[in-house]
Each structure stands twice: as structure tokens, then as C-alpha cells.
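Chemist: My questions all concern the structure below.
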Amino acid sequence: VQLQASGGGLVEAGGSLRLSCVASGSVFGINTMYWYRQAPGKLRDLVAAISRDGHVHYADSVKGRFTISRDVAKNAVYLQMNNLKPEDTAVYYCNILTDHGLLRWGQGTLVTVSS
């Protein structure tokens, strides 16, 4: 199973992007789906999570601006990012917690926000 994130790019501050992530292959026992990000020289941080029953969690820094959603039938998770700020610049990664643990990390998608 591979995680493929897409939708990143260069955007001006205040702009929007929609990230998508699809897990290829058969994924059984999907629980929570996540978006993380890693800025240059920093650790990978949790951005948002959505549980199997639809409960969502956001990092304080993105609350009110980002929205996570999912399509379990498609093994997909999405991140709508509005009112982007330069500090949102990072590589964004998705992952899925299954009954067997987290999947192997994919390459992520780069989001660059210019001021």
C-alpha cells in the first residue's frame, strides 16, 4: 500500500489549496486518517485528524482555516486549506491508522505560501 499526496503548490498569502491523499491497494480496518506537515528544519507536526466516526481534530494554528474530510470507500483523505499564511509553508503528509498500525509514509506534497 502506498500513500500518494497531491494538490500542493505555490500560493499567495490569503489563498486556498485543496490537498488530496489516496492509499493505493487494499487497506483494511481504516481508523483515523491524518494530515501532518514538516517545515524546513522542524519536526513533523500533526495538522488535522478525522476518526472513523467523523470526529475531527485540528492543530490550534489551523483551526478555522483548514478542513479535513475523507472518503473511506476510496481510501482518501482531503485537506481544504483557506486563508493560507507563510507559516503554513511545509511538506504535507497524510497517513492512515489501520488495525495494523500506521501505513508507510509517502513523499508528501509541498505547499509554499508567499507573503
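Ligands are numbered from 1 in the order shown, residues from 1 within each chain, and chains are lettered A, B, ... in the order they appear in the C-alpha cells.
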Compile the contact shell of range 28-42 of chain A as a list in words: residues with an atom at most 7 Å away, counting only C-alpha atoms, same-chain residues fewer than 5 positions apart removed.
Modeler: Val47, Ala48, Ala49, Ile50, Ser51, Arg52, Val77, Thr89, Ala90, Val91, Tyr92, Tyr93, Cys94, Asn95, Ile96, Leu97, Thr98 and Asp99 of chain A
Chemist: Taking the DSSP assignment computed from this structure's backbone, write out as a PyMOL selection string all residues of chain A that belong to strand (DSSP E).
Modeler: chain A and resi 2-6+9-12+17-24+30-38+44-50+56-58+66-71+76-81+90-98+101-102+109-114
Chemist: As a VMD selection string, please: the residues near Gly14 in chain A (cut-off 9 Å, only C-alpha atoms, same-chain neighbours under 6 positions excluded).
Modeler: chain A and resid 82 to 85 113 115
Chemist: Could you dump the residues just selected with C-alpha atoms as a compact mmCIF listing (two decimals), in the first residue's frame?
Modeler:
# COMPACT_ATOMS: atom_id res chain seq x y z
CA ASN A 82 -8.11 28.53 3.25
CA ASN A 83 -6.58 31.86 4.22
CA LEU A 84 -3.11 30.40 3.90
CA LYS A 85 -0.25 32.08 5.70
CA VAL A 113 2.84 30.33 0.70
CA SER A 115 3.87 36.82 1.57
Chemist: With only C-alpha atoms as the counted atoms, please give the residues lying no more than 6 Å from range 17-26 of chain A, apart from itself and same-chain residues fewer than 3 positions off, as a list in words.
Modeler: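 Contacts, in chain order: Val1, Gln2, Leu3, Gln4, Ala5, Ser6, Gly7, Asn75, Ala76, Val77, Tyr78, Leu79, Gln80 and Met81 of chain A.
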Chemist: Output all heavy atoms of each residue in that selection to a file, as a compact mmCIF listing (two decimals), in the first residue's frame.
Modeler:
# COMPACT_ATOMS: atom_id res chain seq x y z
N VAL A 1 0.85 -1.19 0.00
CA VAL A 1 0.00 0.00 0.00
C VAL A 1 0.89 1.24 0.00
O VAL A 1 1.84 1.35 0.78
CB VAL A 1 -0.92 0.03 1.23
CG1 VAL A 1 -1.73 1.31 1.25
CG2 VAL A 1 -1.82 -1.19 1.25
N GLN A 2 0.57 2.18 -0.89
CA GLN A 2 1.31 3.43 -0.97
C GLN A 2 0.38 4.61 -0.76
O GLN A 2 -0.76 4.60 -1.23
CB GLN A 2 1.99 3.57 -2.33
CG GLN A 2 3.17 2.63 -2.54
CD GLN A 2 3.92 2.92 -3.81
OE1 GLN A 2 3.31 3.34 -4.79
NE2 GLN A 2 5.21 2.71 -3.80
N LEU A 3 0.90 5.62 -0.06
CA LEU A 3 0.17 6.86 0.14
C LEU A 3 0.65 7.88 -0.88
O LEU A 3 1.84 8.13 -0.99
CB LEU A 3 0.40 7.39 1.55
CG LEU A 3 -0.23 6.59 2.69
CD1 LEU A 3 0.33 7.00 4.03
CD2 LEU A 3 -1.75 6.75 2.68
N GLN A 4 -0.30 8.46 -1.61
CA GLN A 4 0.05 9.44 -2.62
C GLN A 4 -0.69 10.74 -2.32
O GLN A 4 -1.91 10.81 -2.48
CB GLN A 4 -0.33 8.94 -4.01
CG GLN A 4 0.05 9.90 -5.13
CD GLN A 4 1.55 10.09 -5.25
OE1 GLN A 4 2.30 9.12 -5.32
NE2 GLN A 4 1.99 11.34 -5.25
N ALA A 5 0.08 11.74 -1.89
CA ALA A 5 -0.50 13.05 -1.62
C ALA A 5 -0.30 13.96 -2.82
O ALA A 5 0.72 13.88 -3.51
CB ALA A 5 0.16 13.67 -0.39
N SER A 6 -1.26 14.82 -3.07
CA SER A 6 -1.19 15.74 -4.20
C SER A 6 -1.95 17.01 -3.87
O SER A 6 -2.67 17.08 -2.87
CB SER A 6 -1.76 15.09 -5.45
OG SER A 6 -3.13 14.76 -5.26
N GLY A 7 -1.78 18.02 -4.72
CA GLY A 7 -2.53 19.25 -4.59
C GLY A 7 -1.73 20.42 -4.05
O GLY A 7 -2.24 21.53 -3.97
N ASN A 75 -10.45 5.17 0.09
CA ASN A 75 -9.18 5.23 0.84
C ASN A 75 -8.55 6.62 0.72
O ASN A 75 -7.33 6.75 0.54
CB ASN A 75 -8.18 4.18 0.33
CG ASN A 75 -8.64 2.76 0.56
OD1 ASN A 75 -9.52 2.51 1.37
ND2 ASN A 75 -8.07 1.84 -0.19
N ALA A 76 -9.38 7.65 0.79
CA ALA A 76 -8.90 9.00 0.53
C ALA A 76 -9.18 9.94 1.69
O ALA A 76 -10.20 9.81 2.38
CB ALA A 76 -9.56 9.55 -0.74
N VAL A 77 -8.27 10.88 1.87
CA VAL A 77 -8.46 11.94 2.85
C VAL A 77 -8.06 13.25 2.18
O VAL A 77 -7.16 13.28 1.34
CB VAL A 77 -7.64 11.67 4.13
CG1 VAL A 77 -6.15 11.58 3.85
CG2 VAL A 77 -7.93 12.70 5.22
N TYR A 78 -8.76 14.32 2.56
CA TYR A 78 -8.58 15.60 1.91
C TYR A 78 -8.32 16.68 2.96
O TYR A 78 -8.71 16.53 4.13
CB TYR A 78 -9.82 15.97 1.10
CG TYR A 78 -10.27 14.88 0.16
CD1 TYR A 78 -11.30 14.01 0.51
CD2 TYR A 78 -9.64 14.70 -1.07
CE1 TYR A 78 -11.70 12.99 -0.33
CE2 TYR A 78 -10.05 13.68 -1.93
CZ TYR A 78 -11.07 12.84 -1.55
OH TYR A 78 -11.46 11.82 -2.39
N LEU A 79 -7.68 17.75 2.52
CA LEU A 79 -7.46 18.88 3.41
C LEU A 79 -7.71 20.16 2.62
O LEU A 79 -6.93 20.50 1.71
CB LEU A 79 -6.04 18.87 3.97
CG LEU A 79 -5.76 19.91 5.06
CD1 LEU A 79 -6.57 19.56 6.32
CD2 LEU A 79 -4.27 19.98 5.40
N GLN A 80 -8.79 20.84 2.95
CA GLN A 80 -9.08 22.13 2.35
C GLN A 80 -8.41 23.19 3.20
O GLN A 80 -8.67 23.29 4.41
CB GLN A 80 -10.59 22.38 2.30
CG GLN A 80 -10.98 23.75 1.76
CD GLN A 80 -10.64 23.91 0.30
OE1 GLN A 80 -10.86 23.01 -0.51
NE2 GLN A 80 -10.09 25.06 -0.06
N MET A 81 -7.56 23.98 2.57
CA MET A 81 -6.79 24.98 3.30
C MET A 81 -7.14 26.37 2.76
O MET A 81 -6.91 26.65 1.58
CB MET A 81 -5.29 24.72 3.13
CG MET A 81 -4.87 23.31 3.52
SD MET A 81 -3.09 23.07 3.51
CE MET A 81 -2.73 23.33 1.77
Chemist: When you count only C-alpha atoms, which of these residues is closest to Asp60 in chain A: A:Leu46, A:Val27, A:Leu102, A:Ala73?
Modeler: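 Ranked by minimum distance to Asp60 in chain A, first place goes to A:Leu46.
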Chemist: If you run DSSP on the backbone here, which positions in range 26-103 of chain A get helix (DSSP H, G or I)? Please write them as a ChimeraX atom specification.
Modeler: /A:60-62,72-74,86-88
Chemist: Just write the chosen residues, N, CA and C atoms, as a short mmCIF file (atom, residue, chain, number, x, y, z; two decimals), in the first residue's frame.
Modeler:
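Below is the file result-v5.cif, written as the result:
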data_model
loop_
_atom_site.label_atom_id
_atom_site.label_comp_id
_atom_site.auth_asym_id
_atom_site.auth_seq_id
_atom_site.Cartn_x
_atom_site.Cartn_y
_atom_site.Cartn_z
N ASP A 60 -4.08 24.00 16.76
CA ASP A 60 -4.59 25.34 17.05
C ASP A 60 -4.25 26.32 15.93
N SER A 61 -3.11 26.14 15.32
CA SER A 61 -2.64 27.08 14.32
C SER A 61 -3.47 27.07 13.03
N VAL A 62 -4.28 26.02 12.83
CA VAL A 62 -5.05 25.93 11.59
C VAL A 62 -6.55 25.95 11.82
N VAL A 72 -13.82 7.09 2.85
CA VAL A 72 -13.24 5.81 3.24
C VAL A 72 -13.34 4.79 2.11
N ALA A 73 -14.43 4.84 1.36
CA ALA A 73 -14.60 3.89 0.26
C ALA A 73 -13.49 4.04 -0.78
N LYS A 74 -12.95 5.24 -0.90
CA LYS A 74 -11.88 5.50 -1.86
C LYS A 74 -10.50 5.50 -1.20
N PRO A 86 2.14 32.45 5.32
CA PRO A 86 3.51 31.99 5.01
C PRO A 86 3.98 30.91 5.97
N GLU A 87 3.52 30.95 7.21
CA GLU A 87 3.94 29.92 8.18
C GLU A 87 3.31 28.56 7.92
N ASP A 88 2.40 28.49 6.97
CA ASP A 88 1.85 27.19 6.56
C ASP A 88 2.75 26.48 5.56
#
Chemist: Identify which of the residues A:Leu43, A:Glu12, A:His55, A:His100 lies closest to Thr112 in chain A, counting only C-alpha atoms when measuring atom-to-atom distances.
Modeler: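 Residue with the minimum atom-to-atom distance to Thr112 in chain A: A:Glu12.
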